[in-house]
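Shown below: start-v5.tsv, with TSV, C-alpha atoms.
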chain	number	residue	atom	x	y	z
A	14	MET	CA	-8.49	-5.73	-23.26
A	15	GLY	CA	-11.09	-5.66	-20.48
A	16	THR	CA	-9.50	-6.81	-17.22
A	17	SER	CA	-10.49	-7.35	-13.60
A	18	VAL	CA	-8.31	-7.66	-10.50
A	19	ILE	CA	-9.59	-9.96	-7.78
A	20	GLY	CA	-8.13	-9.08	-4.38
A	21	ALA	CA	-7.24	-5.63	-3.07
A	22	GLY	CA	-4.76	-6.59	-0.37
A	23	TYR	CA	-1.07	-5.68	-0.37
A	24	TRP	CA	-0.13	-7.32	-3.67
A	25	GLY	CA	-3.50	-6.73	-5.25
A	26	THR	CA	-2.95	-3.01	-4.70
A	27	GLN	CA	0.27	-3.17	-6.72
A	28	LEU	CA	-1.46	-5.06	-9.54
A	29	ILE	CA	-4.39	-2.62	-9.58
A	30	ARG	CA	-1.98	0.29	-9.99
A	31	ALA	CA	-0.05	-1.49	-12.74
A	32	ALA	CA	-3.17	-2.66	-14.59
A	33	HIS	CA	-4.64	0.84	-14.42
A	34	SER	CA	-1.62	2.24	-16.27
A	35	ALA	CA	-0.89	-0.70	-18.61
A	36	PRO	CA	-1.60	0.41	-22.20
A	37	GLN	CA	-2.57	-3.13	-23.25
A	38	LEU	CA	-5.30	-3.47	-20.59
A	39	ARG	CA	-8.48	-1.65	-19.63
A	40	LEU	CA	-9.26	-2.18	-15.97
A	41	ARG	CA	-13.03	-2.60	-15.56
A	42	TRP	CA	-13.46	-4.12	-12.10
A	43	VAL	CA	-11.76	-4.43	-8.73
A	44	CYS	CA	-13.28	-7.24	-6.67
A	45	ASP	CA	-12.67	-7.73	-2.96
A	46	LEU	CA	-14.75	-8.91	-0.01
A	47	ASP	CA	-14.00	-5.51	1.55
A	48	ARG	CA	-15.61	-3.10	-0.91
A	49	GLU	CA	-14.35	-0.06	1.00
A	50	ARG	CA	-10.78	-1.28	0.78
A	51	ALA	CA	-11.18	-1.99	-2.93
A	52	ALA	CA	-12.66	1.47	-3.58
A	53	GLY	CA	-9.76	3.02	-1.68
A	54	GLN	CA	-7.32	1.74	-4.31
A	55	LEU	CA	-9.00	3.79	-7.04
A	56	GLY	CA	-9.06	7.51	-7.64
A	57	ARG	CA	-12.05	9.55	-6.54
A	58	TYR	CA	-13.29	9.95	-10.11
A	59	SER	CA	-12.31	6.51	-11.39
A	60	ILE	CA	-14.76	4.78	-13.71
A	61	VAL	CA	-13.46	1.36	-12.61
A	62	ARG	CA	-16.26	-0.49	-10.85
A	63	VAL	CA	-16.00	-2.08	-7.41
A	64	THR	CA	-17.74	-5.23	-6.24
A	65	ASP	CA	-17.50	-8.00	-3.68
A	66	SER	CA	-19.04	-10.51	-6.10
A	67	LEU	CA	-16.94	-12.60	-8.48
A	68	ALA	CA	-20.14	-13.57	-10.29
A	69	GLN	CA	-20.78	-9.92	-11.11
A	70	VAL	CA	-17.32	-9.63	-12.65
A	71	LEU	CA	-17.76	-12.79	-14.70
A	72	ASP	CA	-21.20	-11.64	-15.90
A	73	ASP	CA	-19.48	-8.73	-17.68
A	74	ARG	CA	-18.78	-10.02	-21.17
A	75	GLN	CA	-16.32	-7.17	-21.77
A	76	VAL	CA	-13.95	-8.75	-19.23
A	77	GLN	CA	-11.53	-10.93	-21.19
A	78	ALA	CA	-8.81	-11.41	-18.56
A	79	VAL	CA	-8.73	-11.76	-14.78
A	80	VAL	CA	-5.85	-11.19	-12.37
A	81	VAL	CA	-6.16	-13.02	-9.03
A	82	ALA	CA	-4.27	-11.73	-5.97
A	83	THR	CA	-5.95	-13.45	-3.05
A	84	PRO	CA	-4.73	-15.85	-0.31
A	85	ALA	CA	-3.19	-19.03	-1.73
A	86	ALA	CA	-5.88	-21.27	-0.24
A	87	THR	CA	-8.46	-19.62	-2.51
A	88	HIS	CA	-6.52	-19.97	-5.75
A	89	ALA	CA	-7.85	-23.35	-6.87
A	90	ALA	CA	-11.55	-22.42	-6.59
A	91	LEU	CA	-11.16	-18.90	-7.98
A	92	GLY	CA	-8.91	-20.06	-10.81
A	93	ARG	CA	-11.35	-22.78	-11.80
A	94	ALA	CA	-14.28	-20.32	-11.83
A	95	VAL	CA	-12.35	-17.84	-13.98
A	96	LEU	CA	-11.19	-20.42	-16.53
A	97	GLU	CA	-14.58	-22.13	-16.72
A	98	SER	CA	-16.09	-18.75	-17.56
A	99	GLY	CA	-13.78	-18.50	-20.58
A	100	ARG	CA	-11.42	-15.82	-19.23
A	101	HIS	CA	-7.64	-15.76	-19.36
A	102	LEU	CA	-6.01	-15.95	-15.94
A	103	LEU	CA	-2.97	-14.39	-14.27
A	104	MET	CA	-2.52	-15.97	-10.84
A	105	GLU	CA	-0.45	-14.64	-7.96
A	106	LYS	CA	2.18	-17.03	-6.57
A	107	PRO	CA	1.92	-19.79	-5.58
A	108	LEU	CA	-0.35	-21.12	-8.32
A	109	CYS	CA	-2.17	-23.30	-5.75
A	110	THR	CA	-1.37	-24.99	-2.46
A	111	ARG	CA	-1.89	-28.52	-3.85
A	112	ARG	CA	-0.16	-29.94	-6.91
A	113	ASP	CA	-3.29	-31.74	-8.09
A	114	ASP	CA	-5.22	-28.46	-8.06
A	115	ALA	CA	-2.44	-26.67	-9.96
A	116	LEU	CA	-2.34	-29.38	-12.64
A	117	ALA	CA	-6.12	-29.25	-12.90
A	118	LEU	CA	-5.92	-25.52	-13.68
A	119	VAL	CA	-3.21	-26.15	-16.30
A	120	ARG	CA	-5.34	-28.83	-18.00
A	121	LEU	CA	-8.48	-26.70	-17.82
A	122	ALA	CA	-6.70	-23.77	-19.46
A	123	GLU	CA	-5.41	-26.06	-22.22
A	124	THR	CA	-8.88	-27.53	-22.81
A	125	GLN	CA	-10.46	-24.07	-22.94
A	126	GLY	CA	-7.72	-22.63	-25.15
A	127	LEU	CA	-6.93	-19.97	-22.54
A	128	VAL	CA	-3.76	-18.39	-21.18
A	129	LEU	CA	-2.85	-19.40	-17.63
A	130	MET	CA	0.07	-17.36	-16.38
A	131	CYS	CA	1.85	-17.30	-13.02
A	132	ASP	CA	2.72	-13.98	-11.41
A	133	HIS	CA	6.41	-14.69	-10.94
A	134	THR	CA	7.17	-10.97	-11.00
A	135	TYR	CA	10.93	-11.20	-10.43
A	136	CYS	CA	11.28	-13.14	-13.68
A	137	TYR	CA	10.26	-9.94	-15.49
A	138	SER	CA	12.80	-7.72	-13.78
A	139	PRO	CA	15.65	-6.51	-16.02
A	140	PRO	CA	18.39	-8.25	-13.95
A	141	VAL	CA	16.69	-11.66	-14.09
A	142	ARG	CA	15.95	-11.35	-17.80
A	143	LYS	CA	19.65	-10.55	-18.31
A	144	ILE	CA	20.74	-13.48	-16.14
A	145	ARG	CA	18.55	-15.82	-18.19
A	146	GLU	CA	20.13	-14.47	-21.39
A	147	LEU	CA	23.71	-14.86	-20.11
A	148	ALA	CA	23.05	-18.39	-18.85
A	149	ALA	CA	21.33	-19.48	-22.07
A	150	THR	CA	24.06	-18.11	-24.34
A	151	GLY	CA	26.85	-19.84	-22.42
A	152	GLN	CA	28.56	-16.67	-21.22
A	153	LEU	CA	28.73	-18.10	-17.68
A	154	GLY	CA	30.01	-21.46	-18.88
A	155	ASP	CA	28.64	-24.59	-17.24
A	156	LEU	CA	26.48	-23.84	-14.23
A	157	CYS	CA	28.20	-24.63	-10.91
A	158	SER	CA	26.20	-22.88	-8.19
A	159	PHE	CA	23.19	-20.75	-7.33
A	160	ASP	CA	23.20	-18.94	-3.98
A	161	SER	CA	20.39	-16.65	-2.88
A	162	ALA	CA	19.50	-14.73	0.28
A	163	ARG	CA	16.03	-13.24	0.87
A	164	LEU	CA	16.00	-11.73	4.35
A	165	ASN	CA	13.39	-9.44	5.90
A	166	HIS	CA	12.71	-7.84	9.25
A	167	GLY	CA	9.08	-9.00	9.18
A	168	PRO	CA	6.27	-8.88	8.49
A	169	ILE	CA	5.51	-12.18	10.20
A	170	ARG	CA	2.49	-13.78	8.55
A	171	THR	CA	-0.06	-16.03	10.19
A	172	ASP	CA	-1.37	-17.84	7.08
A	173	VAL	CA	1.93	-19.31	5.80
A	174	ASP	CA	5.50	-19.82	7.03
A	175	ALA	CA	8.63	-18.09	5.75
A	176	VAL	CA	9.22	-20.84	3.17
A	177	TRP	CA	5.84	-20.46	1.47
A	178	ASP	CA	5.99	-16.67	1.79
A	179	LEU	CA	9.53	-16.03	0.50
A	180	ALA	CA	10.83	-19.10	-1.33
A	181	PRO	CA	8.46	-18.91	-4.35
A	182	HIS	CA	10.39	-15.84	-5.50
A	183	ASP	CA	13.77	-17.57	-5.50
A	184	LEU	CA	12.44	-20.90	-6.73
A	185	SER	CA	10.71	-19.20	-9.67
A	186	ILE	CA	13.91	-17.32	-10.50
A	187	LEU	CA	15.89	-20.57	-10.37
A	188	ASP	CA	13.35	-22.26	-12.64
A	189	PHE	CA	13.45	-19.30	-15.04
A	190	VAL	CA	17.22	-18.99	-15.44
A	191	LEU	CA	18.26	-22.65	-15.52
A	192	PRO	CA	19.66	-23.59	-18.95
A	193	PRO	CA	17.64	-26.13	-20.95
A	194	GLY	CA	18.09	-29.69	-19.75
A	195	ILE	CA	19.06	-28.81	-16.17
A	196	ARG	CA	16.43	-29.47	-13.52
A	197	PRO	CA	16.32	-29.93	-9.73
A	198	THR	CA	16.64	-33.54	-8.60
A	199	HIS	CA	16.72	-33.49	-4.77
A	200	VAL	CA	15.93	-31.04	-1.98
A	201	SER	CA	17.08	-30.77	1.64
A	202	ALA	CA	15.78	-28.17	4.08
A	203	CYS	CA	16.10	-27.10	7.69
A	204	ALA	CA	14.05	-24.43	9.45
A	205	SER	CA	13.60	-22.73	12.80
A	206	ASP	CA	10.70	-21.20	14.75
A	207	PRO	CA	12.53	-19.20	17.44
A	208	LEU	CA	9.39	-17.28	18.43
A	209	GLY	CA	7.38	-20.43	19.10
A	210	THR	CA	4.52	-19.53	16.78
A	211	GLY	CA	4.23	-22.94	15.16
A	212	ARG	CA	5.54	-21.64	11.80
A	213	ALA	CA	9.10	-21.45	10.48
A	214	HIS	CA	10.61	-17.97	10.52
A	215	ILE	CA	14.07	-18.95	9.21
A	216	ALA	CA	14.90	-21.60	6.61
A	217	TYR	CA	17.84	-22.91	4.61
A	218	LEU	CA	17.20	-24.83	1.38
A	219	ALA	CA	19.67	-26.95	-0.58
A	220	ILE	CA	18.67	-28.06	-4.08
A	221	TRP	CA	20.75	-30.50	-6.12
A	222	LEU	CA	20.62	-30.02	-9.89
A	223	SER	CA	20.80	-32.64	-12.60
A	224	ASN	CA	24.23	-31.45	-13.82
A	225	GLY	CA	25.78	-31.84	-10.35
A	226	ALA	CA	25.49	-28.16	-9.40
A	227	LEU	CA	24.05	-27.08	-6.05
A	228	ALA	CA	21.57	-24.30	-5.33
A	229	HIS	CA	21.32	-22.80	-1.86
A	230	ILE	CA	18.58	-20.43	-0.64
A	231	ARG	CA	18.51	-18.64	2.70
A	232	LEU	CA	15.21	-17.22	3.97
A	233	SER	CA	14.30	-15.21	7.06
A	234	TRP	CA	11.60	-13.00	8.56
A	235	LEU	CA	13.89	-12.11	11.47
A	236	ALA	CA	16.89	-10.43	9.84
A	237	PRO	CA	17.90	-7.00	11.20
A	238	VAL	CA	18.23	-5.65	7.66
A	239	LYS	CA	16.64	-6.40	4.31
A	240	VAL	CA	18.84	-8.46	1.97
A	241	ARG	CA	18.15	-9.45	-1.65
A	242	THR	CA	21.23	-11.03	-3.23
A	243	THR	CA	21.82	-13.85	-5.68
A	244	SER	CA	25.11	-15.27	-6.94
A	245	ILE	CA	25.24	-17.63	-9.93
A	246	GLY	CA	28.56	-19.29	-10.59
A	247	GLY	CA	29.71	-20.87	-13.84
A	248	THR	CA	32.95	-22.31	-15.18
A	249	ARG	CA	33.64	-19.09	-17.13
A	250	ALA	CA	32.14	-16.33	-14.97
A	251	THR	CA	30.07	-15.56	-11.89
A	252	LEU	CA	27.12	-13.19	-11.69
A	253	LEU	CA	26.29	-11.20	-8.57
A	254	TRP	CA	22.86	-9.60	-8.33
A	255	ASP	CA	22.10	-7.20	-5.50
A	256	ASP	CA	18.52	-6.10	-6.01
A	257	LEU	CA	18.80	-3.34	-3.39
A	258	ALA	CA	21.94	-1.72	-4.81
A	259	ALA	CA	21.51	1.88	-5.89
A	260	HIS	CA	23.84	1.33	-8.87
A	261	HIS	CA	25.25	-1.68	-10.71
A	262	ARG	CA	22.68	-4.16	-9.44
A	263	LEU	CA	24.13	-6.85	-11.69
A	264	THR	CA	27.88	-7.53	-11.92
A	265	LEU	CA	29.63	-10.14	-14.04
A	266	HIS	CA	33.01	-11.38	-12.73
A	267	ASP	CA	35.17	-13.43	-15.08
A	268	ARG	CA	37.91	-15.89	-14.07
A	269	PHE	CA	40.65	-13.32	-14.69
A	270	GLY	CA	39.44	-10.88	-12.04
A	271	ASN	CA	37.64	-8.55	-14.44
A	272	ALA	CA	34.22	-7.18	-13.53
A	273	ASP	CA	31.54	-5.70	-15.74
A	274	SER	CA	28.07	-4.31	-15.00
A	275	PRO	CA	25.77	-4.90	-17.98
A	276	ALA	CA	23.41	-2.08	-18.92
A	277	LEU	CA	19.84	-2.86	-17.90
A	278	PRO	CA	16.60	-1.35	-19.22
A	279	GLY	CA	14.46	0.63	-16.80
A	280	GLN	CA	11.13	-1.14	-17.34
A	281	GLU	CA	9.12	-1.84	-14.20
A	282	PRO	CA	8.73	-5.61	-13.67
A	283	LEU	CA	4.97	-5.40	-13.12
A	284	GLN	CA	4.50	-3.55	-16.38
A	285	ALA	CA	6.63	-6.15	-18.17
A	286	LEU	CA	4.58	-8.91	-16.50
A	287	LEU	CA	1.28	-7.45	-17.69
A	288	ALA	CA	2.68	-6.80	-21.16
A	289	GLU	CA	3.67	-10.48	-21.36
A	290	PHE	CA	0.19	-11.53	-20.19
A	291	ALA	CA	-1.49	-9.38	-22.83
A	292	GLY	CA	0.99	-10.49	-25.49
A	293	ALA	CA	0.42	-14.17	-24.79
A	294	ILE	CA	-3.35	-13.63	-25.11
A	295	THR	CA	-3.28	-11.62	-28.34
A	296	GLU	CA	-0.62	-13.82	-29.96
A	297	GLY	CA	-2.17	-17.12	-28.82
A	298	ARG	CA	1.03	-18.44	-27.20
A	299	GLU	CA	2.28	-19.65	-23.84
A	300	PRO	CA	3.61	-16.94	-21.51
A	301	LEU	CA	7.18	-17.08	-20.22
A	302	THR	CA	5.90	-18.06	-16.75
A	303	ASP	CA	3.15	-20.45	-17.74
A	304	GLY	CA	1.09	-22.78	-15.57
A	305	MET	CA	3.71	-25.53	-15.61
A	306	SER	CA	6.32	-23.16	-14.19
A	307	GLY	CA	3.92	-22.73	-11.27
A	308	VAL	CA	3.63	-26.51	-10.93
A	309	ARG	CA	7.42	-26.89	-10.87
A	310	VAL	CA	7.72	-24.26	-8.12
A	311	LEU	CA	4.96	-26.00	-6.19
A	312	ASP	CA	6.82	-29.32	-6.52
A	313	LEU	CA	9.86	-27.74	-4.88
A	314	LEU	CA	7.78	-26.19	-2.07
A	315	HIS	CA	6.25	-29.57	-1.29
A	316	ALA	CA	9.70	-31.17	-1.45
A	317	VAL	CA	10.88	-28.64	1.15
A	318	ASP	CA	7.94	-29.57	3.39
A	319	ARG	CA	8.71	-33.30	3.03
A	320	SER	CA	12.37	-32.73	3.87
A	321	LEU	CA	11.44	-30.69	6.95
A	322	GLU	CA	9.14	-33.51	8.07
A	323	GLN	CA	12.14	-35.87	7.77
A	324	SER	CA	14.52	-33.63	9.76
A	325	GLY	CA	16.27	-32.29	6.68
A	326	ALA	CA	16.79	-35.55	4.80
A	327	PRO	CA	17.22	-35.15	1.04
A	328	VAL	CA	14.03	-35.93	-0.89
A	329	LEU	CA	13.09	-36.06	-4.55
A	330	ALA	CA	12.45	-32.63	-6.03
A	331	THR	CA	9.32	-33.84	-7.80
A	332	THR	CA	6.22	-35.05	-6.01
A	333	PRO	CA	6.21	-38.90	-5.91
A	334	ALA	CA	3.29	-40.59	-7.65
A	335	GLY	CA	0.45	-41.15	-5.21
A	336	ALA	CA	1.81	-38.70	-2.64
A	337	LEU	CA	-0.61	-36.23	-1.08
A	338	SER	CA	0.14	-32.80	-2.51

Just give me the structure of the file as structure tokens.
Amino acid sequence: MGTSVIGAGYWGTQLIRAAHSAPQLRLRWVCDLDRERAAGQLGRYSIVRVTDSLAQVLDDRQVQAVVVATPAATHAALGRAVLESGRHLLMEKPLCTRRDDALALVRLAETQGLVLMCDHTYCYSPPVRKIRELAATGQLGDLCSFDSARLNHGPIRTDVDAVWDLAPHDLSILDFVLPPGIRPTHVSACASDPLGTGRAHIAYLAIWLSNGALAHIRLSWLAPVKVRTTSIGGTRATLLWDDLAAHHRLTLHDRFGNADSPALPGQEPLQALLAEFAGAITEGREPLTDGMSGVRVLDLLHAVDRSLEQSGAPVLATTPAGALS
């Protein structure tokens, strides 16, 4: 399947590498405004072509699918151009910065009969796939809590704050693993800008769920060490996921004090992501992280912003009708 990657920045580089080695895809183009940077991601003798023109990519009728990894502010325009050209689209998180733009992409993909997939990479990691399975089959019992920490020592970005940089990962995981029928209802958030840059560097999110459970997410660019942990509590068992652990990244603790570490496959999340993208296209189905999953994550991000504007007051988890989003 002929494929192009748009954007050769940090995440685009990872997607280029993965697409180059994905057996389901044939990488034809890398497109970036900095042609030299784009060429630097390819081997010296690569036959993949480099351009700074999206039009040139879309003029190639052998390109069936496009992967976009550019700044979030460009997603709406680039996504629209890709879908209007009749190509399937895999979009880096967040899907867009505005809910209306995200919904427009979802509707356009539906009208065109195309796959629109969100790059929620963590949802394709073996631990998260296992968590989803355990939650769906009732092995945790009724969901009681979701606690996550995503802490970094930088890098401090200038285009978005720590919420929009880090939270999409945890919000997409939450959306992915919630059992059917359970959805966020309200959001409260507080944040801090200790460096005085005008953007939040530290944030704490509380998300109430429709079954009475509470999700809590801690985010930081200023932690002395990197932390990636998630705990999901149920009435029968609690899961602890430490994504940085050398061994036993996922541990299941039952109510009798017993602990078990389920065996996990070794597939790289990016390869699983691209395999799902290709599978959705060839099978004519919705991907696991479809456009509406991106809209739901965007709803929560906007809810966080509204709560911060109201000094942490709880707000509806969905965007109110008529609200600017």

Residue among A:Leu118, A:Val80, A:Leu67, A:Val43 lying closest to A:Glu97, counting only C-alpha atoms
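The closest residue to A:Glu97 is A:Leu118.
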
Which one is closest to A:Pro139: A:Asp256, A:Asp183, A:Asp312, A:Asp273? Count only C-alpha atoms.
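Closest candidate: A:Asp256.
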
For A:Asp155, please output as a list in words all residues within 9 Å (counting all atoms listed in the file; exclusion window: fewer than 5 positions along the same chain).
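Here the answer would be Ala148, Asn224, Gly246, Gly247, Thr248 and Arg249 of chain A.
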
Can you pull out every residue within 9 Å of stretch 297-301 of chain A, counting only C-alpha atoms, but drop anything in the same chain fewer than 6 positions away, and send it as a ChimeraX atom specification?
/A:126-131,136,189,289-290

A:Gln69: which residues within 12 Å, counting only C-alpha atoms, same-chain residues fewer than 4 positions away excluded, as a list in words?
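Final neighbour list, sorted by chain and number: Ser17, Ile19, Arg41, Trp42, Val43, Cys44, Asp45, Arg62, Val63, Thr64, Asp65, Asp73, Arg74, Gln75, Val76, Val95 and Ser98 of chain A.
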